[in-house]
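target.cif (mmCIF, C-alpha atoms and all ligand atoms) appears below.
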data_run
#
loop_
_atom_site.label_atom_id
_atom_site.label_comp_id
_atom_site.auth_asym_id
_atom_site.auth_seq_id
_atom_site.Cartn_x
_atom_site.Cartn_y
_atom_site.Cartn_z
CA MET A 1 0.00 0.00 0.00
CA THR A 2 1.41 3.38 -0.97
CA THR A 3 0.22 6.69 0.49
CA VAL A 4 -0.85 9.90 -1.24
CA SER A 5 -1.82 12.91 0.83
CA ILE A 6 -4.32 15.61 -0.08
CA VAL A 7 -4.21 18.72 2.09
CA ARG A 8 -6.25 21.89 1.99
CA VAL A 9 -4.25 25.14 1.99
CA ALA A 10 -5.85 27.95 3.93
CA GLY A 11 -4.67 30.71 1.55
CA LYS A 12 -1.90 31.85 -0.76
CA ASP A 13 0.53 33.64 1.52
CA ARG A 14 3.86 32.14 2.45
CA THR A 15 2.81 30.99 5.91
CA GLN A 16 -0.30 29.25 4.62
CA VAL A 17 1.44 27.61 1.65
CA THR A 18 4.37 26.46 3.81
CA ALA A 19 2.00 24.94 6.36
CA GLY A 20 0.10 23.10 3.62
CA VAL A 21 3.23 21.74 1.94
CA ARG A 22 4.76 20.58 5.23
CA ARG A 23 1.55 18.86 6.24
CA ALA A 24 1.18 17.14 2.86
CA ILE A 25 4.77 15.84 3.00
CA ALA A 26 4.42 14.67 6.60
CA MET A 27 1.08 12.94 5.96
CA ALA A 28 2.60 11.12 2.97
CA GLY A 29 5.19 9.65 5.34
CA GLY A 30 7.85 12.36 5.14
CA MET A 31 10.99 12.43 3.03
CA ASP A 32 13.51 11.37 5.67
CA ASP A 33 13.89 7.86 4.31
CA VAL A 34 14.72 9.10 0.80
CA ILE A 35 16.59 12.33 1.59
CA ARG A 36 19.71 11.83 3.69
CA PRO A 37 22.11 14.37 5.20
CA GLY A 38 24.70 15.55 2.69
CA MET A 39 22.62 14.74 -0.40
CA ARG A 40 22.22 17.20 -3.27
CA VAL A 41 18.51 17.27 -4.04
CA MET A 42 16.99 18.68 -7.20
CA ILE A 43 13.59 20.27 -6.75
CA LYS A 44 12.06 20.18 -10.20
CA PRO A 45 9.18 22.65 -10.75
CA ASN A 46 7.12 22.84 -13.93
CA MET A 47 8.11 26.07 -15.71
CA VAL A 48 6.80 25.10 -19.14
CA ALA A 49 7.26 28.57 -20.66
CA PRO A 50 6.86 32.21 -19.64
CA PRO A 51 3.18 32.34 -18.68
CA PRO A 52 0.88 35.29 -19.45
CA SER A 53 0.90 35.97 -15.69
CA ALA A 54 1.81 34.26 -12.41
CA GLU A 55 -1.87 33.66 -11.70
CA VAL A 56 -2.90 31.43 -14.63
CA GLY A 57 -1.84 28.11 -13.08
CA ALA A 58 0.76 27.26 -15.76
CA CYS A 59 3.90 27.13 -13.58
CA THR A 60 4.69 25.85 -10.09
CA SER A 61 4.47 28.50 -7.38
CA PRO A 62 7.85 29.58 -5.93
CA LEU A 63 6.29 29.37 -2.45
CA VAL A 64 5.67 25.64 -2.93
CA CYS A 65 9.25 25.05 -4.10
CA GLN A 66 10.54 27.16 -1.22
CA ALA A 67 8.62 25.09 1.31
CA VAL A 68 9.92 21.83 -0.20
CA ALA A 69 13.46 23.25 -0.22
CA ASP A 70 13.18 24.14 3.47
CA VAL A 71 12.14 20.58 4.35
CA VAL A 72 15.11 19.25 2.35
CA THR A 73 17.46 21.65 4.16
CA GLU A 74 16.11 20.58 7.56
CA LEU A 75 16.96 17.00 6.62
CA GLY A 76 20.60 18.07 6.23
CA ALA A 77 20.58 17.98 2.43
CA ARG A 78 21.19 20.74 -0.12
CA PRO A 79 18.18 21.73 -2.26
CA ILE A 80 18.61 23.12 -5.79
CA ILE A 81 15.57 24.29 -7.71
CA ALA A 82 16.26 23.58 -11.39
CA GLU A 83 14.35 23.47 -14.67
CA SER A 84 14.65 23.85 -18.43
CA SER A 85 11.47 25.15 -20.05
CA ALA A 86 9.89 23.78 -23.23
CA ARG A 87 11.70 23.79 -26.57
CA GLY A 88 12.46 27.39 -27.54
CA ALA A 89 11.04 28.79 -24.27
CA ASP A 90 13.00 31.11 -21.96
CA THR A 91 13.31 29.53 -18.51
CA GLU A 92 14.66 32.73 -16.95
CA ALA A 93 11.67 34.72 -18.19
CA ALA A 94 9.34 32.09 -16.70
CA TYR A 95 11.23 32.28 -13.37
CA ARG A 96 10.99 36.08 -13.42
CA ILE A 97 7.25 36.19 -14.11
CA MET A 98 6.59 33.59 -11.39
CA GLY A 99 8.69 35.44 -8.78
CA TYR A 100 11.60 33.02 -8.36
CA ASP A 101 14.00 35.99 -8.26
CA ALA A 102 12.73 36.60 -4.73
CA LEU A 103 13.94 33.12 -3.76
CA ARG A 104 17.37 33.85 -5.24
CA ALA A 105 17.50 37.06 -3.24
CA GLN A 106 16.91 35.00 -0.09
CA GLY A 107 19.81 32.67 -0.94
CA TYR A 108 17.98 29.73 -2.56
CA ASP A 109 19.66 28.09 -5.56
CA VAL A 110 17.41 28.54 -8.60
CA VAL A 111 19.03 27.26 -11.79
CA ASP A 112 18.14 27.63 -15.47
CA LEU A 113 19.39 24.30 -16.77
CA LYS A 114 19.54 25.68 -20.32
CA GLN A 115 22.63 27.65 -19.23
CA ASP A 116 24.41 24.52 -17.96
CA LYS A 117 26.89 22.20 -19.71
CA THR A 118 25.26 19.21 -21.35
CA VAL A 119 26.09 15.54 -20.91
CA ARG A 120 25.15 12.59 -23.12
CA VAL A 121 23.96 9.61 -21.11
CA PRO A 122 23.03 6.12 -22.35
CA LEU A 123 19.64 4.79 -21.22
CA ALA A 124 20.17 1.10 -20.59
CA ASP A 125 16.47 0.34 -20.18
CA GLY A 126 15.01 3.01 -22.46
CA ARG A 127 12.09 1.78 -24.51
CA VAL A 128 12.23 4.49 -27.18
CA LEU A 129 15.34 6.43 -26.15
CA GLY A 130 18.73 4.71 -26.37
CA ASP A 131 20.41 7.79 -24.95
CA ILE A 132 19.60 11.31 -23.82
CA THR A 133 21.44 14.59 -23.49
CA THR A 134 20.83 16.02 -20.05
CA PHE A 135 22.55 18.71 -18.02
CA ASP A 136 25.73 18.44 -15.96
CA LEU A 137 23.93 19.51 -12.78
CA VAL A 138 21.31 16.78 -13.20
CA THR A 139 24.02 14.10 -13.32
CA ARG A 140 25.45 15.40 -10.03
CA MET A 141 22.19 15.14 -8.07
CA ASP A 142 21.63 12.44 -5.47
CA ALA A 143 17.83 12.70 -5.57
CA ILE A 144 15.07 14.42 -7.52
CA VAL A 145 11.77 15.68 -6.10
CA SER A 146 9.16 16.40 -8.76
CA VAL A 147 7.09 19.49 -7.94
CA PRO A 148 4.54 19.92 -10.75
CA ILE A 149 1.44 22.05 -10.91
CA LEU A 150 -2.01 20.56 -11.42
CA LYS A 151 -3.01 21.14 -15.06
CA THR A 152 -4.41 19.71 -18.23
CA HIS A 153 -2.29 19.00 -21.31
CA ASP A 154 -3.31 19.03 -24.94
CA GLN A 155 -1.50 15.76 -25.73
CA GLY A 156 -1.29 13.80 -22.50
CA GLN A 157 -4.66 14.78 -20.94
CA ILE A 158 -2.88 16.01 -17.81
CA THR A 159 0.69 16.89 -16.88
CA LEU A 160 1.77 16.12 -13.32
CA ALA A 161 4.73 14.53 -11.51
CA LEU A 162 5.75 12.06 -14.25
CA LYS A 163 5.51 14.35 -17.28
CA ASN A 164 7.44 16.99 -15.33
CA LEU A 165 10.67 15.02 -15.90
CA LYS A 166 10.78 16.15 -19.53
CA GLY A 167 12.48 19.36 -18.41
CA LEU A 168 15.62 17.37 -17.59
CA VAL A 169 16.75 17.00 -21.22
CA ILE A 170 17.93 19.50 -23.81
CA ASP A 171 15.54 21.04 -26.33
CA ALA A 172 16.63 18.71 -29.15
CA ASP A 173 15.73 15.71 -27.00
CA LYS A 174 12.37 17.24 -26.07
CA ARG A 175 11.67 17.30 -29.81
CA ARG A 176 12.98 13.74 -30.22
CA ILE A 177 10.67 12.53 -27.43
CA HIS A 178 7.69 14.05 -29.25
CA GLN A 179 8.75 12.36 -32.48
CA LEU A 180 9.53 8.95 -31.00
CA GLY A 181 6.55 8.82 -28.65
CA MET A 182 5.94 11.27 -25.87
CA PHE A 183 4.40 8.85 -23.42
CA GLU A 184 6.97 6.05 -23.53
CA GLY A 185 9.77 8.61 -24.00
CA THR A 186 8.76 10.44 -20.83
CA VAL A 187 8.54 7.15 -18.96
CA ASP A 188 12.08 6.36 -20.17
CA LEU A 189 13.15 9.53 -18.32
CA VAL A 190 11.23 8.57 -15.19
CA SER A 191 12.80 5.11 -15.28
CA HIS A 192 16.28 6.59 -15.64
CA PHE A 193 16.11 9.48 -13.17
CA LYS A 194 13.94 7.69 -10.58
CA PRO A 195 12.56 10.70 -8.69
CA VAL A 196 12.09 9.89 -5.01
CA PHE A 197 9.09 12.04 -4.11
CA ALA A 198 6.44 14.32 -5.57
CA VAL A 199 4.71 17.40 -4.21
CA VAL A 200 1.89 18.74 -6.41
CA ASP A 201 1.10 22.43 -6.35
CA ALA A 202 -2.69 22.29 -6.63
CA ILE A 203 -3.33 25.70 -5.11
CA VAL A 204 -4.29 27.23 -8.46
CA GLY A 205 -4.34 24.69 -11.30
CA GLN A 206 -5.20 25.05 -14.97
CA GLU A 207 -7.91 23.52 -17.17
CA GLY A 208 -8.65 23.61 -20.88
CA MET A 209 -5.81 24.47 -23.27
CA GLY A 210 -2.99 23.50 -20.96
CA PRO A 211 -0.08 23.31 -20.50
CA LEU A 212 0.29 27.10 -20.89
CA LEU A 213 -2.79 28.89 -22.11
CA GLY A 214 -5.60 27.20 -20.22
CA LEU A 215 -7.83 28.82 -17.62
CA PRO A 216 -6.92 29.01 -13.91
CA VAL A 217 -8.79 26.84 -11.40
CA GLU A 218 -8.72 27.67 -7.69
CA MET A 219 -8.29 24.34 -5.89
CA GLY A 220 -6.53 25.33 -2.65
CA LEU A 221 -4.74 21.98 -2.32
CA VAL A 222 -1.30 20.38 -2.04
CA MET A 223 -0.78 16.67 -2.68
CA ALA A 224 2.27 14.54 -1.99
CA GLY A 225 3.62 11.01 -2.13
CA ARG A 226 6.70 8.95 -2.85
CA ASP A 227 5.15 6.85 -5.65
CA LEU A 228 4.86 9.24 -8.60
CA VAL A 229 2.50 6.96 -10.51
CA ALA A 230 0.14 6.85 -7.52
CA VAL A 231 0.40 10.62 -7.04
CA ASP A 232 -0.50 11.18 -10.70
CA ALA A 233 -3.34 8.65 -10.48
CA ILE A 234 -4.89 10.39 -7.47
CA ALA A 235 -4.19 13.96 -8.61
CA GLY A 236 -5.72 13.03 -11.97
CA ARG A 237 -8.80 11.70 -10.15
CA VAL A 238 -9.10 15.03 -8.35
CA MET A 239 -9.24 16.64 -11.83
CA GLY A 240 -11.87 14.14 -13.02
CA PHE A 241 -9.58 11.84 -15.02
CA ALA A 242 -9.54 8.10 -14.39
CA PRO A 243 -5.95 6.80 -14.24
CA ALA A 244 -6.63 4.60 -17.30
CA GLU A 245 -7.43 7.74 -19.35
CA VAL A 246 -3.93 9.14 -18.88
CA PRO A 247 -1.35 7.53 -21.19
CA ILE A 248 1.76 8.43 -19.18
CA THR A 249 0.25 7.08 -15.95
CA VAL A 250 -0.70 3.86 -17.75
CA ALA A 251 2.73 3.50 -19.39
CA ALA A 252 4.62 4.13 -16.13
CA ALA A 253 2.45 1.66 -14.20
CA ALA A 254 2.89 -0.97 -16.94
CA ARG A 255 6.66 -0.66 -16.53
CA GLY A 256 6.42 -1.24 -12.79
CA LEU A 257 7.44 2.29 -11.80
CA GLY A 258 4.56 2.58 -9.34
CA THR A 259 0.91 1.75 -8.96
CA MET A 260 -2.18 3.34 -10.47
CA GLU A 261 -4.47 0.78 -8.81
CA GLU A 262 -6.62 2.87 -6.53
CA THR A 263 -7.28 -0.07 -4.22
CA ALA A 264 -3.52 -0.15 -3.57
CA ILE A 265 -3.30 3.57 -2.77
CA ARG A 266 -4.14 4.92 0.66
CA VAL A 267 -5.37 8.50 0.37
CA VAL A 268 -4.85 10.47 3.59
CA GLY A 269 -6.12 13.93 4.45
CA GLU A 270 -9.03 15.04 2.30
CA PRO A 271 -10.99 12.28 0.56
CA VAL A 272 -10.84 12.57 -3.24
CA ALA A 273 -14.63 12.92 -3.48
CA SER A 274 -14.61 15.97 -1.20
CA VAL A 275 -12.14 17.95 -3.34
CA ALA A 276 -12.64 16.59 -6.87
CA ARG A 277 -13.71 18.94 -9.64
CA ARG A 278 -14.01 17.97 -13.29
CA PHE A 279 -11.39 19.95 -15.24
CA VAL A 280 -12.30 21.05 -18.76
CA ARG A 281 -10.35 18.84 -21.19
CA ALA A 282 -8.01 20.55 -23.66
CA GLU A 283 -10.23 19.44 -26.55
CA GLU A 284 -13.30 20.91 -24.81
CA ASP A 285 -11.76 24.40 -24.66
CA HIS A 286 -13.21 26.01 -27.78
CA ARG A 287 -12.04 29.57 -27.25
CA ILE A 288 -10.14 29.57 -30.55
CA ASP A 289 -12.03 26.91 -32.53
CA ALA A 290 -15.14 29.04 -32.18
CA GLU A 291 -13.51 31.58 -34.46
CA GLY A 292 -13.56 29.12 -37.37
CA ILE A 293 -9.87 28.28 -37.44
CA SER A 294 -8.68 24.69 -37.66
CA ILE A 295 -5.42 23.54 -36.13
CA VAL A 296 -3.93 20.22 -37.16
CA HIS A 297 -1.27 18.64 -34.96
CA SER A 298 0.36 15.25 -34.90
CA GLN A 299 2.15 13.43 -32.12
CA GLY A 300 5.43 14.89 -33.44
CA THR A 301 4.25 18.48 -32.93
CA CYS A 302 6.01 19.54 -29.77
CA THR A 303 5.22 22.16 -27.17
CA GLY A 304 7.19 24.88 -28.98
CA CYS A 305 4.86 24.99 -31.99
CA ARG A 306 1.71 24.26 -29.97
CA ASN A 307 2.32 27.08 -27.49
CA GLY A 308 3.60 29.55 -30.11
CA LEU A 309 0.58 29.01 -32.30
CA LEU A 310 -1.95 29.31 -29.49
CA SER A 311 -0.31 32.39 -28.02
CA SER A 312 -0.30 33.99 -31.50
CA LEU A 313 -4.01 33.31 -31.84
CA PHE A 314 -4.71 34.75 -28.39
CA ASP A 315 -2.67 37.86 -29.31
CA MET A 316 -4.70 38.22 -32.50
CA ARG A 317 -7.92 37.90 -30.59
CA ALA A 318 -6.74 40.59 -28.16
CA ASP A 319 -5.85 43.04 -30.95
CA GLY A 320 -9.00 42.32 -32.96
CA SER A 321 -7.27 40.72 -35.97
CA LEU A 322 -8.37 37.12 -35.38
CA ALA A 323 -11.28 37.40 -37.84
CA LYS A 324 -8.72 37.63 -40.66
CA ALA A 325 -7.71 34.04 -39.95
CA ARG A 326 -11.23 32.66 -40.14
CA GLY A 327 -11.48 29.71 -42.52
CA LEU A 328 -7.76 28.87 -42.35
CA THR A 329 -6.29 25.50 -41.47
CA ILE A 330 -2.92 25.57 -39.72
CA VAL A 331 -0.74 22.49 -39.96
CA ALA A 332 1.84 22.44 -37.17
CA GLY A 333 5.08 20.46 -37.12
CA PRO A 334 5.59 17.14 -38.95
CA THR A 335 1.91 16.63 -39.76
CA PRO A 336 0.36 15.43 -43.05
CA LEU A 337 -1.83 17.99 -44.83
CA PRO A 338 -5.55 17.36 -44.32
CA ALA A 339 -7.44 16.27 -47.43
CA GLY A 340 -9.94 18.53 -49.15
CA VAL A 341 -8.61 21.94 -48.02
CA PRO A 342 -7.55 24.25 -50.89
CA GLN A 343 -3.84 25.14 -50.68
CA GLU A 344 -4.50 28.87 -50.30
CA TYR A 345 -6.32 28.18 -47.01
CA LEU A 346 -3.56 26.00 -45.60
CA ILE A 347 -0.62 27.33 -43.58
CA GLY A 348 2.29 25.16 -42.53
CA ILE A 349 4.37 26.11 -39.49
CA GLY A 350 7.61 24.77 -37.98
CA SER A 351 10.96 23.85 -39.52
CA CYS A 352 10.33 20.14 -38.98
CA ALA A 353 7.20 20.28 -41.20
CA LEU A 354 6.82 17.66 -43.94
CA PRO A 355 7.94 18.72 -47.47
CA GLU A 356 4.28 19.04 -48.59
CA ALA A 357 3.70 21.68 -45.88
CA LYS A 358 6.98 23.47 -46.61
CA ASN A 359 5.92 23.79 -50.25
CA LEU A 360 2.63 25.51 -49.42
CA PRO A 361 2.28 29.13 -50.63
CA SER A 362 2.14 30.06 -46.93
CA PHE A 363 4.74 28.43 -44.70
CA VAL A 364 6.34 29.79 -41.50
CA LYS A 365 9.77 28.40 -40.73
CA GLY A 366 11.47 28.42 -37.32
CA CYS A 367 11.92 26.00 -34.47
CA PRO A 368 9.78 27.12 -32.88
CA PRO A 369 8.50 29.70 -35.35
CA ASN A 370 8.38 33.31 -34.26
CA ASN A 371 4.92 34.54 -33.18
CA VAL A 372 5.30 37.68 -35.31
CA ASP A 373 5.87 35.53 -38.41
CA ILE A 374 2.90 33.30 -37.56
CA ILE A 375 0.63 36.32 -37.15
CA ARG A 376 1.91 37.83 -40.40
CA ALA A 377 1.08 34.61 -42.28
CA LEU A 378 -2.36 34.35 -40.68
CA THR A 379 -3.32 37.93 -41.55
CA GLU A 380 -2.12 37.92 -45.20
CA GLU A 381 -4.71 38.91 -47.79
CA ARG A 382 -6.28 35.86 -49.42
CA PRO A 383 -8.70 35.28 -52.25
CA ALA A 384 -12.30 35.74 -51.05
S1 LIG A 401 9.39 23.08 -35.56
FE1 LIG A 401 7.83 23.10 -33.96
S2 LIG A 401 7.09 20.99 -33.78
FE2 LIG A 401 9.03 20.97 -34.93
S3 LIG A 401 10.58 20.57 -33.37
FE3 LIG A 401 10.47 22.81 -33.65
S4 LIG A 401 9.02 23.51 -32.10
FE4 LIG A 401 8.74 21.30 -32.28
#
Step by step, read the file and then write its structure as structure tokens.
Ligand code: SF4
Amino acid sequence: MTTVSIVRVAGKDRTQVTAGVRRAIAMAGGMDDVIRPGMRVMIKPNMVAPPPSAEVGACTSPLVCQAVADVVTELGARPIIAESSARGADTEAAYRIMGYDALRAQGYDVVDLKQDKTVRVPLADGRVLGDITTFDLVTRMDAIVSVPILKTHDQGQITLALKNLKGLVIDADKRRIHQLGMFEGTVDLVSHFKPVFAVVDAIVGQEGMGPLLGLPVEMGLVMAGRDLVAVDAIAGRVMGFAPAEVPITVAAAARGLGTMEETAIRVVGEPVASVARRFVRAEEDHRIDAEGISIVHSQGTCTGCRNGLLSSLFDMRADGSLAKARGLTIVAGPTPLPAGVPQEYLIGIGSCALPEAKNLPSFVKGCPPNNVDIIRALTEERPA
């Protein structure tokens, strides 16, 4: 039987968040059997990309990471908060928007892994990845604590403690994981890095078009546990997803990296039923589809193109130019062109696009493509 805790947080100030995080960790059994004095411990937040604001539930709160870091320090170990954002995304900008500079000012180590030396590492038991390129600092850690935020994801249904590990490889490998299979590729990382504990920031989560541009959801919770598969299974349940609906949870459980069997998970603190709320699925968030624009992705379309395209569309909606894109079909990344759409209404984006998309009259190169170039292509004059 493994334990997952669910704790209500009284509010969003430091005292309240710290109390909630400490209680969640303690109720899950504490970290003292996995964090020993003298260890270097990576605290891995989810900083997917610079969010529109700190309040949208896209990135882990610095107060949650700070509270986890303090527990690690009290155990005699050295905490280092470290992350590399999505392909093409600026980790430092995400840290700045979320307020991690305040932690640095207080003496906490907060590292942008994209600035670090890289190291190629073979994956002996990788299912789709024979090797990865990670960061020097990651190879020098004794333990990793995954500290995700509770949110939906347009490819994986939800992104929690397991999916969070994708920030531990360089951008080129993030792309490779999308191309080779995001679910098994991510589980290859979990299997290799073997994080020892998870603390989920569920104070303000995100639903709909996650992982960056969804809508915030006030949950007022922190969850914790040492079995990341079980934590994801229960946190997913809180969001209204059965564990079997979430491919990464299923793949990790199938490889024996933890349990998603709810009869084998002891939930302590708040019962799931008392805190659960059905999160809007990414595909149910029709804020852009309603404008008559079609977006075509494939499994190989990674977060860089997905986020860049959506943020461009949101910018166009804000400045009133979105109507110009009505009737267009945007083909992102290495995705076959849909049948039956005239070429003049198709736009390909992303340097890894298939040759048929690159040969379209309207194609936006870049990896990821620049938002300004996407908007320019979407607002070009077209035949009526
Ligand atoms: S072009 Fe887009 S989909 Fe392709 S690797 Fe770059 S960011 Fe990812």
Practice task
Check the smallest atom-to-atom distance from each of A:Ile170, A:Val121, A:Ile293, A:Ile347 to Ala86 in chain A using all atoms listed in the file, then report the winner.
Solution key: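 Looking only at the distances to Ala86 in chain A, the closest residue turns out to be A:Ile170.
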If I wrap all listed atoms of ligand LIG 401 (chain A) in a box with edges along x, y and z and add 3 Å on each side, what are its centre and edge lengths in Å to one decimal, as lines of an AutoDock Vina configuration file?
center_x = 8.8
center_y = 22.0
center_z = -33.8
size_x = 9.5
size_y = 8.9
size_z = 9.5
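For Phe183 in chain A, the list of residues within 10 Å, based on all atoms listed in the file and with local chain neighbours fewer than 6 positions off taken out, reads Val128, Gln155, Gly156, Leu162, Lys163, Ile177, Val246, Pro247, Ile248, Thr249, Val250, Ala251 and Ala252 of chain A.
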Exercise for the section: Could you check which of A:Asp315, A:Glu261, A:Asp112, A:Asp171 is closest to ligand LIG 401 (chain A), using all atoms listed in the file? Expected result: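 Looking at the shortest contact to ligand LIG 401 (chain A), the residue is A:Asp171.
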Each chain A residue no farther than 9 Å from ligand LIG 401 (chain A), nearest pair in Å, all atoms listed in the file, as JSON lines:
{"residue": "A:Ala86", "atom": "CA", "partner": "A:LIG401", "partner_atom": "S4", "distance": 8.9}
{"residue": "A:Arg87", "atom": "CA", "partner": "A:LIG401", "partner_atom": "S4", "distance": 6.2}
{"residue": "A:Gly88", "atom": "CA", "partner": "A:LIG401", "partner_atom": "S4", "distance": 6.9}
{"residue": "A:Asp171", "atom": "CA", "partner": "A:LIG401", "partner_atom": "S3", "distance": 8.6}
{"residue": "A:Ala172", "atom": "CA", "partner": "A:LIG401", "partner_atom": "S3", "distance": 7.6}
{"residue": "A:Lys174", "atom": "CA", "partner": "A:LIG401", "partner_atom": "S3", "distance": 8.2}
{"residue": "A:Arg175", "atom": "CA", "partner": "A:LIG401", "partner_atom": "S3", "distance": 5.0}
{"residue": "A:Arg176", "atom": "CA", "partner": "A:LIG401", "partner_atom": "S3", "distance": 7.9}
{"residue": "A:His178", "atom": "CA", "partner": "A:LIG401", "partner_atom": "FE4", "distance": 7.9}
{"residue": "A:Gln179", "atom": "CA", "partner": "A:LIG401", "partner_atom": "S3", "distance": 8.5}
{"residue": "A:His297", "atom": "CA", "partner": "A:LIG401", "partner_atom": "S2", "distance": 8.8}
{"residue": "A:Ser298", "atom": "CA", "partner": "A:LIG401", "partner_atom": "S2", "distance": 8.9}
{"residue": "A:Gly300", "atom": "CA", "partner": "A:LIG401", "partner_atom": "S2", "distance": 6.3}
{"residue": "A:Thr301", "atom": "CA", "partner": "A:LIG401", "partner_atom": "S2", "distance": 3.9}
{"residue": "A:Cys302", "atom": "CA", "partner": "A:LIG401", "partner_atom": "FE4", "distance": 4.1}
{"residue": "A:Thr303", "atom": "CA", "partner": "A:LIG401", "partner_atom": "FE4", "distance": 6.3}
{"residue": "A:Gly304", "atom": "CA", "partner": "A:LIG401", "partner_atom": "S4", "distance": 3.9}
{"residue": "A:Cys305", "atom": "CA", "partner": "A:LIG401", "partner_atom": "FE1", "distance": 4.0}
{"residue": "A:Arg306", "atom": "CA", "partner": "A:LIG401", "partner_atom": "S2", "distance": 7.4}
{"residue": "A:Asn307", "atom": "CA", "partner": "A:LIG401", "partner_atom": "S4", "distance": 8.9}
{"residue": "A:Gly308", "atom": "CA", "partner": "A:LIG401", "partner_atom": "S4", "distance": 8.4}
{"residue": "A:Ala332", "atom": "CA", "partner": "A:LIG401", "partner_atom": "S2", "distance": 6.4}
{"residue": "A:Gly333", "atom": "CA", "partner": "A:LIG401", "partner_atom": "S2", "distance": 3.9}
{"residue": "A:Pro334", "atom": "CA", "partner": "A:LIG401", "partner_atom": "FE2", "distance": 6.5}
{"residue": "A:Ile349", "atom": "CA", "partner": "A:LIG401", "partner_atom": "S1", "distance": 7.1}
{"residue": "A:Gly350", "atom": "CA", "partner": "A:LIG401", "partner_atom": "S1", "distance": 3.4}
{"residue": "A:Ser351", "atom": "CA", "partner": "A:LIG401", "partner_atom": "S1", "distance": 4.3}
{"residue": "A:Cys352", "atom": "CA", "partner": "A:LIG401", "partner_atom": "FE2", "distance": 4.3}
{"residue": "A:Ala353", "atom": "CA", "partner": "A:LIG401", "partner_atom": "FE2", "distance": 6.6}
{"residue": "A:Lys365", "atom": "CA", "partner": "A:LIG401", "partner_atom": "S1", "distance": 7.4}
{"residue": "A:Gly366", "atom": "CA", "partner": "A:LIG401", "partner_atom": "S1", "distance": 6.0}
{"residue": "A:Cys367", "atom": "CA", "partner": "A:LIG401", "partner_atom": "FE3", "distance": 3.6}
{"residue": "A:Pro368", "atom": "CA", "partner": "A:LIG401", "partner_atom": "S4", "distance": 3.8}
{"residue": "A:Pro369", "atom": "CA", "partner": "A:LIG401", "partner_atom": "S1", "distance": 6.7}
Practice task
Select, from A:Leu103, A:Ala82, A:Leu180, A:Ala242, the residue with the minimum atom-to-atom distance to Gln157 in chain A, counting all atoms listed in the file.
Solution key: A:Ala242
Exercise for the section: Determine, counting only C-alpha atoms, which protein, DNA and RNA residues have an atom within 12 Å of an atom of Val145 in chain A; residues of the same chain fewer than 5 positions away are not included. Present the result as a PyMOL selection string. Expected result: chain A and resi 25+31+34-35+40-46+65+68-69+71-72+79-83+138+161-162+164-165+190+193-200+224-228
Problem - Residue nearest Glu92 in chain A among A:Pro361, A:Gly38, A:Gly181, A:Pro50 (counting only C-alpha atoms) - result: A:Pro50
